[in-house]
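Undergrad: entry.cif is reproduced below (mmCIF, C-alpha atoms).
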data_final
loop_
_atom_site.label_atom_id
_atom_site.label_comp_id
_atom_site.auth_asym_id
_atom_site.auth_seq_id
_atom_site.Cartn_x
_atom_site.Cartn_y
_atom_site.Cartn_z
CA MET A 230 90.84 140.34 94.34
CA PHE A 231 92.15 138.99 97.63
CA ILE A 232 91.20 142.25 99.34
CA GLY A 233 87.73 142.01 97.80
CA ILE A 234 87.11 138.50 99.15
CA LEU A 235 88.50 139.39 102.56
CA SER A 236 86.32 142.49 102.79
CA ALA A 237 83.28 140.43 101.76
CA ALA A 238 83.97 138.20 104.78
CA VAL A 239 84.37 141.24 107.05
CA VAL A 240 81.16 142.75 105.69
CA THR A 241 79.36 139.48 106.42
CA VAL A 242 80.59 139.43 110.02
CA ALA A 243 79.63 143.07 110.51
CA PHE A 244 76.12 142.49 109.20
CA SER A 245 75.78 139.34 111.28
CA VAL A 246 76.37 141.51 114.34
CA ILE A 247 73.90 144.13 113.10
CA PHE A 248 71.28 141.42 112.43
CA GLN A 249 72.02 139.83 115.84
CA VAL A 250 73.14 136.41 114.63
CA ASN A 251 74.58 134.05 117.24
CA LYS A 252 78.39 134.09 117.53
CA GLY A 253 78.66 130.35 116.85
CA HIS A 254 77.18 130.69 113.36
CA MET A 255 79.27 133.67 112.35
CA PRO A 256 82.39 131.94 110.96
CA PHE A 257 80.21 129.82 108.68
CA ALA A 258 78.24 132.83 107.46
CA ALA A 259 81.54 134.65 106.77
CA LEU A 260 82.84 131.68 104.80
CA ASN A 261 79.60 131.57 102.82
CA GLY A 262 79.94 135.26 102.03
CA ALA A 263 83.57 134.95 100.98
CA VAL A 264 82.89 131.96 98.68
CA GLY A 265 79.89 133.65 97.09
CA TYR A 266 81.83 136.86 96.46
CA ALA A 267 84.79 134.91 95.06
CA ILE A 268 82.47 133.19 92.56
CA TYR A 269 81.07 136.61 91.62
CA LEU A 270 84.59 138.01 91.09
CA LEU A 271 85.64 134.97 89.02
CA LEU A 272 82.69 135.33 86.63
CA LEU A 273 82.91 139.14 86.50
CA PRO A 274 85.15 139.19 83.36
CA VAL A 275 82.66 136.95 81.53
CA ASN A 276 79.44 138.79 82.35
CA ILE A 277 78.51 140.83 85.40
CA TYR A 278 74.94 139.50 85.56
CA ALA A 279 76.14 135.91 85.29
CA GLY A 280 78.55 136.68 88.13
CA ILE A 281 75.83 138.08 90.37
CA LEU A 282 73.45 135.26 89.50
CA ALA A 283 76.02 132.56 90.25
CA GLY A 284 77.22 134.36 93.38
CA SER A 285 73.75 134.73 94.88
CA ALA A 286 72.81 131.17 93.92
CA ALA A 287 76.00 129.91 95.59
CA ILE A 288 75.24 131.91 98.74
CA ALA A 289 71.65 130.65 98.81
CA LEU A 290 72.80 127.04 98.34
CA GLY A 291 75.48 127.42 101.01
CA GLY A 292 72.95 129.00 103.36
CA GLU A 293 70.43 126.17 102.94
CA LEU A 294 73.08 123.47 103.40
CA LEU A 295 74.59 125.21 106.47
CA ALA A 296 71.08 125.56 107.90
CA ARG A 297 70.55 121.83 107.67
CA TRP A 298 73.96 121.05 109.10
CA ARG A 299 73.82 123.56 111.96
CA LYS A 300 70.06 122.99 112.58
CA ALA A 301 69.18 126.69 112.42
CA PRO A 302 67.01 128.81 110.08
CA ALA A 303 68.62 129.41 106.68
CA THR A 304 68.10 133.18 106.99
CA LEU A 305 70.98 133.35 109.47
CA PHE A 306 73.51 132.21 106.86
CA LEU A 307 71.94 133.92 103.90
CA VAL A 308 71.10 137.53 104.56
CA ALA A 309 74.44 138.95 105.70
CA PRO A 310 76.50 137.32 102.89
CA LEU A 311 74.11 138.61 100.22
CA ILE A 312 74.59 142.24 101.27
CA SER A 313 77.92 142.50 99.43
CA LEU A 314 76.18 141.81 96.10
CA VAL A 315 73.49 144.49 96.51
CA PRO A 316 73.86 147.29 93.89
CA GLY A 317 73.73 150.16 96.39
CA GLY A 318 75.90 152.42 94.26
CA ASP A 319 73.64 152.19 91.21
CA ILE A 320 70.49 153.08 93.16
CA TYR A 321 72.28 156.10 94.55
CA GLN A 322 73.66 157.18 91.16
CA SER A 323 70.27 156.86 89.48
CA LEU A 324 68.57 159.19 91.95
CA LEU A 325 71.53 161.58 91.92
CA MET A 326 71.21 161.78 88.11
CA LEU A 327 67.47 162.27 88.47
CA LEU A 328 67.96 165.22 90.81
CA THR A 329 70.53 166.80 88.49
CA ASN A 330 68.16 166.51 85.52
CA ASN A 331 70.29 164.00 83.65
CA LEU A 332 67.54 161.72 82.42
CA SER A 333 69.49 159.40 80.11
CA GLN A 334 71.97 158.63 82.89
CA THR A 335 69.04 158.10 85.29
CA ALA A 336 67.58 155.51 82.96
CA HIS A 337 70.99 153.85 82.57
CA TYR A 338 71.61 153.48 86.31
CA LEU A 339 68.02 152.48 86.99
CA TYR A 340 68.41 149.76 84.36
CA LEU A 341 71.64 148.58 86.02
CA THR A 342 69.93 148.52 89.43
CA LEU A 343 67.00 146.49 88.16
CA MET A 344 69.18 144.06 86.22
CA LYS A 345 71.52 143.46 89.14
CA SER A 346 68.83 143.05 91.77
CA GLY A 347 66.91 140.88 89.32
CA SER A 348 69.98 138.65 88.98
CA ILE A 349 70.22 138.32 92.77
CA ALA A 350 66.51 137.50 92.89
CA LEU A 351 66.80 134.86 90.19
CA GLY A 352 69.72 133.20 91.98
CA ILE A 353 67.86 133.02 95.29
CA ILE A 354 64.59 131.89 93.72
CA PHE A 355 66.26 129.06 91.79
CA VAL A 356 67.81 127.60 94.92
CA SER A 357 64.96 128.39 97.32
CA SER A 358 62.40 126.79 95.02
CA ALA A 359 64.48 123.63 94.93
CA PHE A 360 64.55 123.58 98.71
CA VAL A 361 60.80 124.30 98.93
CA LEU A 362 60.44 121.00 97.07
CA VAL A 363 62.63 119.27 99.67
CA ARG A 364 60.58 120.91 102.44
CA ASN A 365 57.30 119.67 100.97
CA LEU A 366 58.65 116.13 100.64
CA HIS A 367 59.69 116.28 104.29
CA ALA A 368 56.24 117.49 105.32
CA ARG A 369 54.60 114.66 103.41
CA ARG A 370 56.84 112.14 105.14
CA ARG A 371 56.14 113.69 108.53
CA LEU A 372 52.41 113.44 107.98
CA SER A 373 52.54 109.89 106.60
CA GLY A 374 54.11 108.70 109.85
CA GLN A 375 50.97 109.77 111.68
CA PRO A 376 47.41 108.45 111.28
CA ALA A 377 46.19 109.05 107.74
CA SER A 378 43.75 111.80 108.68
CA PRO A 379 43.49 113.78 111.90
CA PRO A 380 40.63 112.60 114.14
CA ILE A 381 37.77 114.87 113.19
CA PRO A 382 35.51 115.69 116.14
CA SER A 383 32.08 114.12 116.07
CA ARG A 384 30.28 117.36 116.62
CA ALA A 385 30.50 119.65 113.62
CA PRO A 386 32.80 122.43 114.78
CA HIS A 387 31.12 125.18 112.79
CA MET A 388 27.77 124.53 114.47
CA LYS A 389 29.11 125.13 117.91
CA THR A 390 29.89 128.54 119.33
CA LYS A 391 32.30 128.56 122.19
CA ASN A 392 30.71 129.83 125.34
CA LYS A 393 32.96 131.37 127.90
CA SER A 394 31.27 132.21 131.14
CA MET B 139 43.44 110.81 125.50
CA ASP B 140 40.59 111.79 127.80
CA GLY B 141 42.83 112.76 130.66
CA ARG B 142 44.77 114.95 128.32
CA LEU B 143 41.59 116.49 127.01
CA ARG B 144 40.38 117.62 130.38
CA ASP B 145 43.51 119.55 131.26
CA MET B 146 43.77 121.08 127.80
CA ASP B 147 43.67 124.83 127.99
CA GLY B 148 42.80 126.01 124.50
CA ASP B 149 43.19 129.71 125.16
CA LYS B 150 46.61 129.26 126.66
CA ILE B 151 47.76 127.06 123.78
CA LEU B 152 46.50 129.69 121.36
CA GLU B 153 48.34 132.36 123.32
CA ALA B 154 51.61 130.42 123.29
CA ALA B 155 51.43 129.54 119.60
CA SER B 156 50.46 133.01 118.39
CA TRP B 157 52.97 134.69 120.66
CA ALA B 158 55.75 132.53 119.23
CA GLY B 159 54.63 133.54 115.75
CA LYS B 160 54.54 137.19 116.72
CA ILE B 161 58.08 137.12 118.09
CA MET B 162 59.33 135.46 114.89
CA LEU B 163 57.58 137.88 112.55
CA GLU B 164 58.72 140.94 114.51
CA ASN B 165 62.33 139.83 114.40
CA GLY B 166 62.77 138.98 110.74
CA ALA B 167 61.58 135.43 109.99
CA GLU B 168 60.11 134.42 106.63
CA THR B 169 56.36 133.86 106.41
CA TYR B 170 56.43 130.10 105.99
CA ARG B 171 58.59 129.68 109.07
CA VAL B 172 56.15 131.68 111.19
CA GLU B 173 53.23 129.55 110.02
CA GLN B 174 55.19 126.33 110.49
CA THR B 175 56.20 127.28 114.04
CA ILE B 176 52.62 128.08 115.07
CA ASP B 177 51.50 124.78 113.55
CA TYR B 178 54.21 122.79 115.39
CA ILE B 179 53.42 124.34 118.77
CA ALA B 180 49.64 123.95 118.43
CA ARG B 181 49.88 120.30 117.37
CA ALA B 182 52.46 119.57 120.07
CA TYR B 183 49.81 120.54 122.62
CA GLY B 184 47.20 118.29 121.05
CA MET B 185 45.24 120.51 118.67
CA VAL B 186 43.87 118.51 115.75
CA ARG B 187 43.75 121.29 113.19
CA CYS B 188 45.74 124.45 112.85
CA ASP B 189 45.07 127.08 110.19
CA CYS B 190 47.35 130.02 110.21
CA SER B 191 47.93 132.88 107.84
CA ALA B 192 50.75 135.34 108.36
CA THR B 193 51.47 138.56 106.49
CA PRO B 194 54.09 141.17 107.45
CA THR B 195 51.48 143.14 109.43
CA MET B 196 49.37 140.46 111.10
CA ILE B 197 48.94 136.81 111.99
CA ILE B 198 45.56 135.06 111.95
CA THR B 199 45.49 131.75 113.80
CA SER B 200 42.60 129.36 114.22
CA LEU B 201 42.89 126.10 116.18
CA LEU B 202 40.49 123.18 116.57
CA ASP B 203 40.74 121.03 119.68
CA PRO B 204 39.72 117.33 119.84
CA ALA B 205 36.44 118.23 121.58
CA GLY B 206 35.36 120.35 118.63
CA SER B 207 35.88 123.86 119.96
CA THR B 208 37.52 126.46 117.77
CA TYR B 209 39.91 129.02 119.15
CA SER B 210 41.10 131.91 117.03
CA ILE B 211 43.07 135.08 117.40
CA ILE B 212 44.50 137.92 115.34
CA ARG B 213 47.85 139.35 116.34
CA ARG B 214 48.71 142.72 114.86
CA ILE B 215 52.40 143.30 114.04
CA LYS B 216 53.22 146.97 114.40
CA SER B 217 57.00 147.12 114.31
CA ARG B 218 59.53 144.92 112.59
CA THR B 219 63.21 144.84 113.47
CA THR B 220 65.95 142.33 112.79
CA HIS B 221 67.03 140.07 115.61
CA LEU B 222 67.79 136.70 114.09
CA GLU B 223 68.96 135.15 117.35
CA ARG B 224 65.37 135.35 118.66
CA VAL B 225 64.07 133.74 115.48
CA GLU B 226 66.50 130.89 115.97
CA GLN B 227 65.54 130.45 119.63
CA VAL B 228 61.80 130.31 118.94
CA ASN B 229 62.46 127.89 116.10
CA ARG B 230 64.46 125.65 118.43
CA LEU B 231 61.73 125.91 121.08
CA SER B 232 59.05 124.73 118.64
CA ARG B 233 61.17 121.74 117.62
CA THR B 234 61.80 120.84 121.26
CA LEU B 235 58.07 120.97 121.99
CA VAL B 236 57.35 118.42 119.27
CA GLN B 237 59.62 115.93 121.03
CA GLU B 238 59.08 116.56 124.73
CA ARG B 239 55.98 117.84 126.52
CA TRP B 240 56.65 121.05 128.40
CA SER B 241 53.99 122.57 130.62
CA LEU B 242 52.33 125.57 129.00
CA ASP B 243 53.55 127.85 131.76
CA ARG B 244 57.12 126.82 131.10
CA THR B 245 56.69 127.54 127.40
CA LEU B 246 55.18 130.95 128.11
CA THR B 247 58.02 131.91 130.49
CA GLU B 248 60.55 130.74 127.91
CA LEU B 249 58.86 132.88 125.22
CA LYS B 250 58.97 135.89 127.51
CA LYS B 251 62.67 135.30 128.10
CA ILE B 252 63.31 135.04 124.35
CA GLU B 253 61.32 138.20 123.61
CA GLN B 254 63.48 140.21 126.00
CA SER B 255 66.83 138.66 125.12
CA VAL B 256 69.48 140.88 123.57
CA ASN B 257 72.42 139.34 121.78
CA TYR B 258 74.66 142.32 121.00
CA ARG B 259 74.30 145.72 122.59
CA LEU B 260 74.84 148.99 120.74
CA THR B 261 78.42 149.14 122.05
CA VAL B 262 79.22 146.06 119.95
CA GLN B 263 77.03 146.94 116.97
CA VAL B 264 78.49 150.41 116.36
CA PRO B 265 82.09 149.15 116.00
CA ALA B 266 80.82 146.32 113.78
CA ALA B 267 79.01 148.84 111.56
CA ALA B 268 82.21 150.92 111.38
CA LEU B 269 84.24 147.87 110.37
CA GLY B 270 81.65 146.88 107.78
CA THR B 271 81.72 150.34 106.21
CA SER B 272 85.50 150.36 105.89
CA ALA B 273 85.38 146.87 104.37
CA PHE B 274 82.93 148.21 101.76
CA VAL B 275 85.33 151.08 101.02
CA LEU B 276 88.09 148.58 100.26
CA MET B 277 85.69 146.39 98.24
CA PHE B 278 84.71 149.35 96.05
CA GLY B 279 88.40 150.14 95.43
CA GLY B 280 89.03 152.91 97.95
CA SER B 281 92.40 153.55 99.58
CA PHE B 282 93.28 152.64 103.16
CA GLN B 283 92.93 156.29 104.12
CA ASP B 284 89.36 156.24 102.82
CA ALA B 285 88.76 153.05 104.78
CA ALA B 286 89.84 154.82 107.95
CA GLY B 287 87.36 157.58 107.13
CA GLY B 288 84.75 154.88 106.57
CA LEU B 289 85.19 153.72 110.16
CA LEU B 290 84.08 157.12 111.40
CA CYS B 291 81.19 157.51 108.92
CA GLY B 292 79.82 154.04 109.63
CA ALA B 293 79.95 154.43 113.40
CA LEU B 294 78.24 157.82 113.31
CA LEU B 295 75.54 156.72 110.87
CA TYR B 296 74.69 153.57 112.82
CA ALA B 297 74.55 155.44 116.12
CA LEU B 298 72.33 158.09 114.51
CA THR B 299 69.81 155.61 113.06
CA ALA B 300 69.71 153.60 116.30
CA GLY B 301 69.04 156.81 118.24
CA LEU B 302 66.26 157.90 115.85
CA ARG B 303 64.67 154.46 116.08
CA LYS B 304 64.72 154.62 119.86
CA LEU B 305 63.01 158.02 119.74
CA GLY B 306 60.21 156.37 117.76
CA PHE B 307 60.52 157.94 114.31
CA GLY B 308 58.96 156.19 111.32
CA ASP B 309 61.06 153.87 109.19
CA LEU B 310 61.05 155.86 105.97
CA PHE B 311 61.97 159.07 107.77
CA ILE B 312 64.92 157.33 109.42
CA TYR B 313 66.16 156.09 106.05
CA LEU B 314 65.74 159.52 104.48
CA ILE B 315 67.75 161.18 107.25
CA GLY B 316 70.28 158.33 107.25
CA GLY B 317 70.85 158.66 103.52
CA ALA B 318 71.26 162.44 103.84
CA PHE B 319 73.71 161.97 106.72
CA ALA B 320 75.77 159.43 104.73
CA ALA B 321 76.07 161.87 101.83
CA PHE B 322 76.97 164.69 104.22
CA THR B 323 79.80 162.80 105.96
CA GLY B 324 80.95 161.46 102.59
CA TRP B 325 81.25 165.07 101.43
CA LEU B 326 82.69 166.48 104.67
CA LEU B 327 85.62 164.10 105.19
CA PRO B 328 87.31 164.77 101.83
CA VAL B 329 86.74 168.52 102.31
CA ILE B 330 88.57 168.60 105.64
CA GLY B 331 91.21 166.28 104.20
CA TRP B 332 90.57 163.05 106.12
CA ALA B 333 89.72 161.03 103.03
CA ARG B 334 89.94 161.33 99.27
CA GLN B 335 87.08 159.78 97.34
CA SER B 336 83.73 161.26 98.28
CA SER B 337 81.48 158.99 96.19
CA ILE B 338 83.05 155.71 97.39
CA LEU B 339 82.76 156.85 100.98
CA THR B 340 79.12 157.85 100.55
CA ILE B 341 78.10 154.61 98.84
CA SER B 342 79.94 152.48 101.40
CA THR B 343 78.18 154.25 104.25
CA LEU B 344 74.82 153.89 102.50
CA MET B 345 75.31 150.13 102.23
CA LEU B 346 74.78 149.91 105.99
CA LEU B 347 71.12 150.82 105.54
CA VAL B 348 70.38 148.91 102.33
CA PRO B 349 67.25 146.73 102.86
CA GLY B 350 68.99 143.45 102.03
CA MET B 351 67.21 141.53 104.75
CA ILE B 352 63.72 142.55 103.59
CA PHE B 353 64.64 141.91 99.95
CA THR B 354 65.94 138.40 100.69
CA ASN B 355 62.91 137.48 102.78
CA ALA B 356 60.60 138.84 100.08
CA LEU B 357 62.20 136.59 97.49
CA ARG B 358 62.06 133.56 99.74
CA ASP B 359 58.39 134.27 100.39
CA VAL B 360 57.70 134.50 96.66
CA ALA B 361 59.59 131.27 96.06
CA GLY B 362 57.54 129.57 98.77
CA GLY B 363 54.23 130.79 97.33
CA ASP B 364 53.44 133.41 100.01
CA LEU B 365 52.56 136.02 97.44
CA VAL B 366 50.93 138.64 99.68
CA SER B 367 53.90 138.75 102.04
CA GLY B 368 56.39 138.58 99.19
CA THR B 369 54.97 141.46 97.20
CA SER B 370 54.43 143.69 100.21
CA ARG B 371 57.99 143.08 101.38
CA LEU B 372 59.32 143.81 97.88
CA LEU B 373 57.40 147.08 97.92
CA GLU B 374 58.76 147.90 101.39
CA ALA B 375 62.32 147.23 100.21
CA SER B 376 61.91 149.49 97.18
CA PHE B 377 60.39 152.28 99.29
CA ILE B 378 63.33 152.06 101.69
CA ALA B 379 65.89 152.02 98.88
CA ALA B 380 64.21 154.98 97.21
CA SER B 381 64.05 157.10 100.38
CA LEU B 382 67.66 156.21 101.24
CA ALA B 383 68.94 157.19 97.82
CA LEU B 384 66.71 160.27 97.69
CA GLY B 385 68.07 161.61 100.98
CA ALA B 386 71.64 160.99 99.89
CA ALA B 387 71.25 162.33 96.37
CA PHE B 388 69.49 165.46 97.60
CA VAL B 389 72.34 166.37 99.96
CA HIS B 390 74.88 165.46 97.29
CA ALA B 391 73.18 167.67 94.73
CA VAL B 392 72.93 170.62 97.13
CA LEU B 393 76.50 170.39 98.46
CA ILE B 394 78.53 169.49 95.41
CA LEU B 395 76.74 170.73 92.34
#
Show me, as structure tokens, the structure contained in the file I just sent.

TA:
Amino acid sequence: MFIGILSAAVVTVAFSVIFQVNKGHMPFAALNGAVGYAIYLLLLPVNIYAGILAGSAAIALGGELLARWRKAPATLFLVAPLISLVPGGDIYQSLLMLLTNNLSQTAHYLYLTLMKSGSIALGIIFVSSAFVLVRNLHARRRLSGQPASPPIPSRAPHMKTKNKS
Amino acid sequence: MDGRLRDMDGDKILEAASWAGKIMLENGAETYRVEQTIDYIARAYGMVRCDCSATPTMIITSLLDPAGSTYSIIRRIKSRTTHLERVEQVNRLSRTLVQERWSLDRTLTELKKIEQSVNYRLTVQVPAAALGTSAFVLMFGGSFQDAAGGLLCGALLYALTAGLRKLGFGDLFIYLIGGAFAAFTGWLLPVIGWARQSSILTISTLMLLVPGMIFTNALRDVAGGDLVSGTSRLLEASFIAASLALGAAFVHAVLIL
């Protein structure tokens, strides 16, 4: 288990380099990846989908919080940590089974792929939707600080064609 | 207000805002962030209305200045890579512009600098890819010997895909070849005795090319209500995954079975 968490951190650092993330953010991304993977491993004995869901939700939450703290886009802290949860093996197995004419195994691995990536998706969408709410509140506050409506030009803009000469 | 109006250069503002959006979209930003950045920059230079619609393949921007003229532009996005440092820099630039007034020329030079900036060269990325592959081998329960083999597979695969990309091959072709190469090295190393578990090695090498970035951005787009971008990115991710696995499984089926 310790090796798993450590390799999740190493994977995160490696993908941060591949995705060209700034050095200063890398330790935080690695921590985010390690914590998310640890949560996944802890819930694995209960239910694998619950583990993936909780792991990806934890990574998404950590990414959004780190983004606010470090004043950088959330993507930087989110994408590389999530890679360790992606069901790459199942995609591969399902097509291998397809090519060897083993249709029931193809269906099985395809089902696993869809379920696992669906769990990741659900985890991210839960957290991201919550933060979209925060974002909209922020936008409303930003606009309310300014004049209630932008000064609309007196001439109707759609009547006028811009003449460049 | 009037003095500002006279020296307002709508076309240049449009150029700066849409260029910033283009850099972000080409380097892996989510849709809402692209639109938000264009909006910030346009308003920072005094535009009263900014309508912007971004999809993975183009950005449409239309600005209205206080005098009532409309400026609009379409920027076509032809290639998309991942360079998150540039996304962060443009994002920071747009936030700076809201607070302090830079001259447009300064902004344009800064954008040019960001567009050409490189954070890590290939000489750093290839070792990182190697390290990542061996970490995946350990994560999937391989031995340390397999992890050492993973170093070699990862480095070779990453160098190969970077080379193909530089030669200008299409994305799906690169992933097909990459997947086939991963399966080939995963088969070769155990055969010549440098590693033991072929399937773990193959899957770990494949993980380097998995479209995790596109998948994540697609989901964040869907969550934010950008349905066109979200669905097209989801489709892109599944095409990439399918061609990756197809290349790998084909080689695997030919070599082993």

Undergrad: Which residues come within 8 Å of B:Glu253, counting all atoms listed in the file, excluding same-chain residues fewer than 3 positions away, as a list in words?

TA: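 My reading of the contact set: Ile161, Arg224, Leu249 and Lys250 of chain B.
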
Undergrad: At a cut-off of 6 Å, which residues of chain A touch chain B? Count only C-alpha atoms and give the answer as number ranges by chain.

TA: A: 233, 236, 240, 243, 247-251, 308, 312, 318, 321, 325, 354, 358, 382, 386

Undergrad: Applying 12 Å and all atoms listed in the file, which residues near B:Trp332 remain after dropping the ones on its own chain fewer than 5 positions away? List them as a PDB file with C-alpha atoms, in the frame of the given file.

TA:
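File produced: around-v8.pdb:
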ATOM      1  CA  SER B 281      92.400 153.550  99.580  1.00  0.00           C
ATOM      2  CA  PHE B 282      93.280 152.640 103.160  1.00  0.00           C
ATOM      3  CA  GLN B 283      92.930 156.290 104.120  1.00  0.00           C
ATOM      4  CA  ASP B 284      89.360 156.240 102.820  1.00  0.00           C
ATOM      5  CA  ALA B 285      88.760 153.050 104.780  1.00  0.00           C
ATOM      6  CA  ALA B 286      89.840 154.820 107.950  1.00  0.00           C
ATOM      7  CA  GLY B 287      87.360 157.580 107.130  1.00  0.00           C
ATOM      8  CA  GLY B 288      84.750 154.880 106.570  1.00  0.00           C
ATOM      9  CA  LEU B 289      85.190 153.720 110.160  1.00  0.00           C
ATOM     10  CA  LEU B 290      84.080 157.120 111.400  1.00  0.00           C
ATOM     11  CA  CYS B 291      81.190 157.510 108.920  1.00  0.00           C
ATOM     12  CA  THR B 323      79.800 162.800 105.960  1.00  0.00           C
ATOM     13  CA  GLY B 324      80.950 161.460 102.590  1.00  0.00           C
ATOM     14  CA  TRP B 325      81.250 165.070 101.430  1.00  0.00           C
ATOM     15  CA  LEU B 326      82.690 166.480 104.670  1.00  0.00           C
ATOM     16  CA  LEU B 327      85.620 164.100 105.190  1.00  0.00           C
ATOM     17  CA  LEU B 339      82.760 156.850 100.980  1.00  0.00           C
TER      18      LEU B 339
END

Undergrad: Translate the PyMOL selection byres ((chain B and resi 194) around 8), as applied to the file shown, into an explicit residue set as a count of residues only.

TA: 10

Undergrad: Quick one, how far is atom CA of A:Leu327 from atom CA of B:Phe377?

TA: 16.3 Å

Undergrad: Kindly give the distance, in Å, that separates atom CA of B:Asp149 and atom CA of B:Leu201, rounded to a single decimal.

TA: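 One can read the atom CA of B:Asp149 to atom CA of B:Leu201 distance as 9.7 Å.
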
Undergrad: Convert the output of the PyMOL selection byres ((chain A and resi 280) around 12) on the shown file into explicit residues, formatted as a ChimeraX atom specification.

TA: /A:265-279,281-287,314,345,348-349,352

Undergrad: Identify, on the basis of all atoms listed in the file, every residue whose closest approach to stretch 242-247 of chain B does not exceed 10 Å; exclude the query and any residue fewer than 3 positions from it along the same chain; express the result as a VMD selection string.

TA: chain B and resid 146 to 147 150 to 151 153 to 155 157 to 158 179 183 231 to 232 235 239 250 to 253

Undergrad: Expressed in Å to a single decimal, how great is the separation between atom CA of B:Ala180 and atom CA of B:Lys160?

TA: 14.2 Å

Undergrad: For A:Asn261, work out the shell of residues within 10 Å, counting only C-alpha atoms and skipping chain neighbours fewer than 2 positions away, then give it as a ChimeraX atom specification.

TA: /A:237-238,241,255-259,263-267,287-292,295,306-307,309-311

Undergrad: Just need the box for stretch 261-280 of chain A, edges along x, y and z, holding every atom the file lists for it with 6 Å tacked onto each side, so centre and edge lengths in Å to one decimal, as JSON.

TA:
{"center_x": 80.3, "center_y": 136.2, "center_z": 92.2, "size_x": 22.7, "size_y": 21.3, "size_z": 33.3}

Undergrad: Could you check the closest approach to A:Ser245 for each of A:Leu339, A:Leu305, A:Leu332, A:Val361 and tell me which residue wins, using only C-alpha atoms?

TA: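 Going through A:Leu339, A:Leu305, A:Leu332, A:Val361 one by one, the smallest distance to A:Ser245 is for A:Leu305.
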
Undergrad: Looking at B:Arg214, B:Thr261, B:Leu152, B:Ala182, which one is nearest to B:Thr199, with distances taken over only C-alpha atoms?

TA: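 Residue with the minimum atom-to-atom distance to B:Thr199: B:Leu152.
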
Undergrad: Pick the closest to B:Gly148 from B:Gln174, B:Ile197, B:Thr299, B:Ser210: which is it, counting all atoms listed in the file?

TA: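 Smallest separation from B:Gly148 among the options: B:Ser210.
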